[in-house]
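This report concerns only the one structure given below.
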Amino acid sequence: MDLHSAPVIGDIGPRPDGLDVPFWAGLAEGRLLLQRCGACATWIWGPQWVCPRCRTLEPGWDEVPLRGTVYSWTRTWQPFVPSFKEHLPYVTLLIELPDAGGRRILGLLIDDDGTTDPVIGEDVAGVIQPASDVTSGVPVLRWTRGRTATEGDA
Amino acid sequence: MIDRPLRGVVVAGIGETGYYKRATAPQGAMGLCVRAVLAACADAGLDPVDVDGFVSYGDDDNEGPDLATAIGARECRWSSVVWGGGGGGVAGALAQAAAAILSGQAEHVVVLRGHAEAAGGRLMSAVSDYYMSAHYRAHGIISPAQLCALRTRRMIDADGVPAVTMRAVAQASYTHAANNPGAVGRDVILDDETYAASRMIAEPYRLYDCSRENDGAAALLVTSAERAAALGADAVHVIAVAQSTPAGWGQTIENEDDYTSGGFRLVAERLWRATGRGPDDVDVTQVYENFTGAAVASLIDHGLATAATAGDVIRLDNLLADGGALPINTAGGNVGEGFVHGIGLALEAVRQVRGTSVNQVPGAELSLLISGPAAPFVSSALLAQAEA
């Protein structure tokens with residue numbers, strides 16, 4: 001799997017109710033945006049309609065650098081869906097974002113060699129996969145090992 | 001019962017269809033549920049016309065009013081469902097039944113769960129549809145196995161819980177299933193080699209770490225202790241139920257606080273505080289193993305082990321009805337007996353108190369039922385021979 005062949009499952013993109021539209025719009029601009037309360041500065045993820053800490057309605061969004069550490073991971077071997085069948089096994093990371101108050105996001109590790117296990121606390125760097133047919137026409141944030149991502153290595 | 005036990009509520013009858021390989025049941029889900037309800041009534045000595053309430057949980061679409069019509073009940077006066085996908089509400093459904101009875105809304109309430117894949121789709125799909133937004137599916141995550149695998153991986157690597165505890169849970173379930181003629185997995189001999197050779201599903205889970213999916217239905221008839229006595233039923237007291245979505249839990253896209261837990265810490269605290277009992281008083285435990293690692297987390301949440309002692313406590317010989325100090329899943333559990341979102345565990349929790357399990361724990365008096373872990377809403381119950 002490389003940055004341009006990594007698939008998704010089904011149709012992805014903004015929720016019908018619009019709550020996470022800025023997240024997807026951010027990826028289209030090459031940026032990771034997560035919710036951050038404009039009143040109390042709390043990072044919020046998954047997205048919420050109200051800040052769970054100070055109850056401010058419609059918390060804002062803020063940019064997060066594309067770097068994180070491995071919080072947990074799983075390597076999937078079971079062919080759960082056709083789109084991933086030719087990419088088995090693959091590693092999905094749960095990534096802790098030190099620049100977003102330790103909030104966590106999921107992401108596919110695109111430079112997994114199939115045998116080298118990720119280590120909790122390991123540095124990873126994000127890179128945005130352009131929208132294509134395999135991503136249901138939506139840009140997706142992917143991850144590589146190390147502090148900086150270079151698309152050519154991916 | 002925030003700080004006091006439930007009093008006067010019992011399970012008076014249990015009934016089930018048995019488990020079928022998925023998509024092979026001879027009836028649809030409603031047909032299965034009706035059979036389970038009638039069997040529970042017969043077990044309680046209750047005329048089905050007197051059933052006046054129904055409770056289910058998770059994704060069940062067999063609705064109370066329809067069931068009441070189907071069995072010819074005089075009047076349905078209570079119909080409710082515990083929100084939250086999967087099996088987090090198995091024990092919580094008993095709380096809703098108790099609420100109906102103690103508040104005078106209904107007298108004879110059936111708790112049930114039924115499923116038939118041919119018409120109802122995969123059980124896994126019901127859970128996936130509930131949880132798996134684009135923020136999961138963009139990254140290859142579609143199965144509950146993958147989500148629980150992430151939690152278990154960190155429980156092993158960050159909390160230091162030995163991975164071999166997962167095998168012990170699976171082996172305990174299959175060892176017990178071997179004595180259960182109704183267990184779908186009764187012929188599986190899960191020795192260490194078979195486990196090690198089984199294929200990976202989502203690391204660290206192998207095939208045998210994962211629950212089955214089956215067709216079937218099961219029901220518990222809940223009523224007051226007085227009514228049960230009048231019926232002459234073999235009644236088991238529900239002495240405590242606790243349900244919980246703690247702060248920082250629920251639909252957070254893997255941002256739960258206390259991520260490696262099953263979500264039960266407040267549930268367990270409340271069970272013990274309400275009853276004055278503790279983990280050492282539990283004689284037998286039914287713990288929902290959607291995946292073995294998640295069940296290990298649940299046992300730790302309830303104080304039956306700690307991360308530090310898990311390797312010593314969660315050992316196969318210690319988990320068996322025959323001589324173990326922490327017997328679990330004595331009918332075979334979700335992995336060995338069969339799986340319809342864990343309802344079978346509730347029936348086995350009752351059998352142990354009655355003394356009628358195929359793997360009876362001698363003298364079992366206090367029976368712990370732990371529902372689906374890592375669900376947005378989780379629940380547990382204590383069942384006993386006598387009121388608390």
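Here, A, B, ... name the chains of the structure tokens in the order displayed, residue numbers run from 1 inside each chain, and ligands are numbered from 1 in the same displayed order.
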- [ ] Would you give me, as number ranges by chain, the residues of chain A that come within 8 Å of chain B, using only C-alpha atoms?
- [x] A: 7-14, 45-47, 71-78, 80, 84, 92, 94, 103-108, 120, 135, 140
I need the chosen residues saved as a JSON list (two decimals), in the first residue's frame, with N, CA and C atoms.
[["chain", "number", "residue", "atom", "x", "y", "z"],
["A", 7, "PRO", "N", -6.95, 2.53, 0.28],
["A", 7, "PRO", "CA", -8.40, 2.67, 0.08],
["A", 7, "PRO", "C", -9.13, 3.14, 1.34],
["A", 8, "VAL", "N", -10.42, 3.33, 1.18],
["A", 8, "VAL", "CA", -11.30, 3.59, 2.31],
["A", 8, "VAL", "C", -12.43, 2.57, 2.23],
["A", 9, "ILE", "N", -13.29, 2.57, 3.22],
["A", 9, "ILE", "CA", -14.43, 1.66, 3.24],
["A", 9, "ILE", "C", -15.70, 2.48, 3.00],
["A", 10, "GLY", "N", -16.36, 2.18, 1.91],
["A", 10, "GLY", "CA", -17.62, 2.87, 1.62],
["A", 10, "GLY", "C", -17.41, 4.33, 1.26],
["A", 11, "ASP", "N", -18.47, 5.09, 1.37],
["A", 11, "ASP", "CA", -18.38, 6.53, 1.10],
["A", 11, "ASP", "C", -18.01, 7.25, 2.39],
["A", 12, "ILE", "N", -17.00, 8.10, 2.29],
["A", 12, "ILE", "CA", -16.62, 8.90, 3.45],
["A", 12, "ILE", "C", -16.81, 10.37, 3.13],
["A", 13, "GLY", "N", -16.73, 11.19, 4.17],
["A", 13, "GLY", "CA", -16.93, 12.61, 3.99],
["A", 13, "GLY", "C", -17.79, 13.16, 5.11],
["A", 14, "PRO", "N", -18.21, 14.40, 5.01],
["A", 14, "PRO", "CA", -18.93, 15.05, 6.10],
["A", 14, "PRO", "C", -20.21, 14.33, 6.48],
["A", 45, "TRP", "N", -12.60, 16.06, 20.60],
["A", 45, "TRP", "CA", -12.68, 15.09, 19.51],
["A", 45, "TRP", "C", -13.08, 13.75, 20.07],
["A", 46, "GLY", "N", -14.11, 13.07, 19.44],
["A", 46, "GLY", "CA", -14.89, 13.41, 18.28],
["A", 46, "GLY", "C", -15.66, 14.71, 18.44],
["A", 47, "PRO", "N", -16.13, 15.18, 17.28],
["A", 47, "PRO", "CA", -16.80, 16.47, 17.25],
["A", 47, "PRO", "C", -18.08, 16.49, 18.09],
["A", 71, "TYR", "N", -0.53, 5.73, 20.10],
["A", 71, "TYR", "CA", -1.21, 5.46, 21.37],
["A", 71, "TYR", "C", -1.60, 3.99, 21.45],
["A", 72, "SER", "N", -2.04, 3.45, 20.31],
["A", 72, "SER", "CA", -2.25, 2.01, 20.18],
["A", 72, "SER", "C", -2.32, 1.68, 18.70],
["A", 73, "TRP", "N", -2.41, 0.40, 18.39],
["A", 73, "TRP", "CA", -2.42, 0.00, 16.98],
["A", 73, "TRP", "C", -3.00, -1.40, 16.85],
["A", 74, "THR", "N", -3.48, -1.71, 15.66],
["A", 74, "THR", "CA", -3.85, -3.09, 15.35],
["A", 74, "THR", "C", -3.49, -3.38, 13.90],
["A", 75, "ARG", "N", -3.04, -4.59, 13.66],
["A", 75, "ARG", "CA", -2.78, -5.03, 12.29],
["A", 75, "ARG", "C", -3.90, -5.97, 11.88],
["A", 76, "THR", "N", -4.63, -5.58, 10.86],
["A", 76, "THR", "CA", -5.81, -6.32, 10.43],
["A", 76, "THR", "C", -5.44, -7.37, 9.38],
["A", 77, "TRP", "N", -5.84, -8.61, 9.64],
["A", 77, "TRP", "CA", -5.59, -9.73, 8.72],
["A", 77, "TRP", "C", -6.88, -10.24, 8.09],
["A", 78, "GLN", "N", -7.98, -10.04, 8.77],
["A", 78, "GLN", "CA", -9.26, -10.57, 8.31],
["A", 78, "GLN", "C", -9.77, -9.71, 7.15],
["A", 80, "PHE", "N", -12.27, -8.04, 6.06],
["A", 80, "PHE", "CA", -13.60, -7.58, 6.46],
["A", 80, "PHE", "C", -14.37, -6.97, 5.28],
["A", 84, "PHE", "N", -10.20, -3.52, 0.98],
["A", 84, "PHE", "CA", -8.91, -3.70, 1.63],
["A", 84, "PHE", "C", -8.29, -5.08, 1.36],
["A", 92, "THR", "N", -3.64, -0.09, 11.37],
["A", 92, "THR", "CA", -4.33, 1.14, 11.74],
["A", 92, "THR", "C", -3.80, 1.61, 13.08],
["A", 94, "LEU", "N", -3.86, 4.29, 16.37],
["A", 94, "LEU", "CA", -4.56, 5.31, 17.14],
["A", 94, "LEU", "C", -3.47, 6.28, 17.58],
["A", 103, "ARG", "N", -5.61, 14.78, 22.34],
["A", 103, "ARG", "CA", -6.72, 14.12, 21.64],
["A", 103, "ARG", "C", -6.15, 13.09, 20.67],
["A", 104, "ARG", "N", -6.97, 12.09, 20.34],
["A", 104, "ARG", "CA", -6.49, 10.97, 19.51],
["A", 104, "ARG", "C", -7.31, 10.87, 18.23],
["A", 105, "ILE", "N", -6.63, 10.51, 17.14],
["A", 105, "ILE", "CA", -7.33, 10.22, 15.90],
["A", 105, "ILE", "C", -6.82, 8.90, 15.32],
["A", 106, "LEU", "N", -7.66, 8.26, 14.54],
["A", 106, "LEU", "CA", -7.28, 7.03, 13.87],
["A", 106, "LEU", "C", -6.58, 7.35, 12.56],
["A", 107, "GLY", "N", -5.70, 6.45, 12.13],
["A", 107, "GLY", "CA", -5.06, 6.67, 10.83],
["A", 107, "GLY", "C", -4.35, 5.42, 10.35],
["A", 108, "LEU", "N", -4.33, 5.27, 9.05],
["A", 108, "LEU", "CA", -3.67, 4.13, 8.43],
["A", 108, "LEU", "C", -2.16, 4.39, 8.34],
["A", 120, "ILE", "N", 4.19, 1.66, 21.11],
["A", 120, "ILE", "CA", 3.46, 2.75, 21.76],
["A", 120, "ILE", "C", 4.44, 3.85, 22.14],
["A", 135, "THR", "N", -10.48, 6.74, -2.64],
["A", 135, "THR", "CA", -10.84, 7.40, -1.37],
["A", 135, "THR", "C", -12.26, 7.96, -1.43],
["A", 140, "VAL", "N", -7.66, 12.16, 2.44],
["A", 140, "VAL", "CA", -7.60, 11.40, 3.69],
["A", 140, "VAL", "C", -6.22, 11.58, 4.32]]
Open item on the list: I'd like the neighbourhood of Leu19 in chain A as JSON, numbers by chain, where a residue qualifies if any of its atoms comes within 12 Å (using only C-alpha atoms), though same-chain residues fewer than 4 positions away should be ignored.
Closed with: {"A": [13, 14, 15, 23, 24, 25, 34, 35, 45, 46, 47, 48, 49, 50, 58, 59, 60, 61]}
Next, write the just-selected residues to a file, as a compact mmCIF listing (two decimals), in the first residue's frame, keeping C-alpha atoms as the atom set.
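Now in part20.txt:
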# COMPACT_ATOMS: atom_id res chain seq x y z
CA GLY A 13 -16.93 12.61 3.99
CA PRO A 14 -18.93 15.05 6.10
CA ARG A 15 -21.79 13.87 8.24
CA PHE A 23 -12.59 18.68 9.38
CA TRP A 24 -13.07 17.51 5.79
CA ALA A 25 -12.74 21.02 4.38
CA LEU A 34 -9.99 19.61 15.02
CA GLN A 35 -12.55 21.18 17.30
CA TRP A 45 -12.68 15.09 19.51
CA GLY A 46 -14.89 13.41 18.28
CA PRO A 47 -16.80 16.47 17.25
CA GLN A 48 -19.54 17.77 19.54
CA TRP A 49 -22.28 20.38 19.26
CA VAL A 50 -21.32 21.91 22.57
CA GLU A 58 -20.64 25.52 18.48
CA PRO A 59 -17.01 25.17 19.56
CA GLY A 60 -14.53 26.45 16.97
CA TRP A 61 -11.84 24.66 14.98
Task: Residue contacts of Gly64 in chain B (8 Å, only C-alpha atoms) excluding same-chain residues fewer than 2 positions away, as a PyMOL selection string - done: chain B and resi 53-55+62+66-68+76+78-80
- [ ] Using CA of Ile95 in chain A and CA of Gly87 in chain B as the two end points, give the distance in Å to one decimal.
- [x] 27.2 Å
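The coordinates place CA of Leu102 in chain B at 28.7 Å from CA of Leu32 in chain B.
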Open item on the list: When DSSP is applied to the backbone of this structure, which of chain A are assigned strand (DSSP E or B)? Write them out as a ChimeraX atom specification.
Closed with: /A:32-36,43-44,50,57,60-64,67-76,90-96,104-109,123-129,140-145
Task: Distance query Gly13 in chain B at most 9 Å, only C-alpha atoms, self and fewer than 2 positions along chain excluded, as a ChimeraX atom specification - done: /B:11,15,39-46,219-222,233-236,350
Just write the chosen residues, N, CA and C atoms, as a short mmCIF file (atom, residue, chain, number, x, y, z; two decimals), in the first residue's frame.
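Final output, result37.cif:
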data_model
loop_
_atom_site.label_atom_id
_atom_site.label_comp_id
_atom_site.auth_asym_id
_atom_site.auth_seq_id
_atom_site.Cartn_x
_atom_site.Cartn_y
_atom_site.Cartn_z
N VAL B 11 -35.83 -12.97 38.95
CA VAL B 11 -36.02 -13.69 37.69
C VAL B 11 -36.76 -14.97 38.05
N GLY B 15 -36.00 -18.94 29.35
CA GLY B 15 -36.33 -19.78 28.20
C GLY B 15 -35.48 -19.40 27.01
N ALA B 39 -41.25 -20.23 26.52
CA ALA B 39 -40.46 -21.14 27.36
C ALA B 39 -40.17 -20.51 28.72
N ALA B 40 -39.89 -19.21 28.74
CA ALA B 40 -39.63 -18.54 30.02
C ALA B 40 -40.89 -18.52 30.88
N CYS B 41 -42.03 -18.31 30.24
CA CYS B 41 -43.30 -18.34 30.98
C CYS B 41 -43.54 -19.73 31.56
N ALA B 42 -43.33 -20.74 30.77
CA ALA B 42 -43.54 -22.11 31.24
C ALA B 42 -42.62 -22.41 32.41
N ASP B 43 -41.38 -21.95 32.32
CA ASP B 43 -40.42 -22.19 33.39
C ASP B 43 -40.86 -21.50 34.68
N ALA B 44 -41.50 -20.33 34.54
CA ALA B 44 -41.95 -19.58 35.71
C ALA B 44 -43.30 -20.04 36.21
N GLY B 45 -44.00 -20.84 35.43
CA GLY B 45 -45.36 -21.24 35.79
C GLY B 45 -46.37 -20.15 35.54
N LEU B 46 -46.05 -19.25 34.59
CA LEU B 46 -46.92 -18.10 34.30
C LEU B 46 -47.69 -18.33 33.01
N ALA B 219 -34.91 -15.48 26.73
CA ALA B 219 -35.76 -14.57 27.50
C ALA B 219 -35.68 -14.89 28.98
N LEU B 220 -35.84 -13.84 29.79
CA LEU B 220 -35.94 -13.98 31.23
C LEU B 220 -37.24 -13.32 31.67
N LEU B 221 -38.00 -14.01 32.51
CA LEU B 221 -39.25 -13.46 33.02
C LEU B 221 -38.97 -12.85 34.39
N VAL B 222 -39.12 -11.53 34.47
CA VAL B 222 -38.82 -10.79 35.70
C VAL B 222 -40.14 -10.39 36.35
N ALA B 233 -42.41 -20.42 41.41
CA ALA B 233 -41.23 -20.39 40.53
C ALA B 233 -39.94 -20.55 41.32
N ASP B 234 -38.93 -21.06 40.64
CA ASP B 234 -37.58 -21.16 41.21
C ASP B 234 -36.92 -19.79 40.98
N ALA B 235 -37.13 -18.89 41.93
CA ALA B 235 -36.79 -17.49 41.71
C ALA B 235 -35.37 -17.17 42.14
N VAL B 236 -34.76 -16.27 41.38
CA VAL B 236 -33.42 -15.78 41.67
C VAL B 236 -33.51 -14.26 41.85
N VAL B 350 -28.41 -16.92 35.99
CA VAL B 350 -29.56 -17.40 36.75
C VAL B 350 -29.39 -18.88 37.11
#
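One finds CA of Ala268 in chain B at 24.4 Å from CA of Cys210 in chain B.
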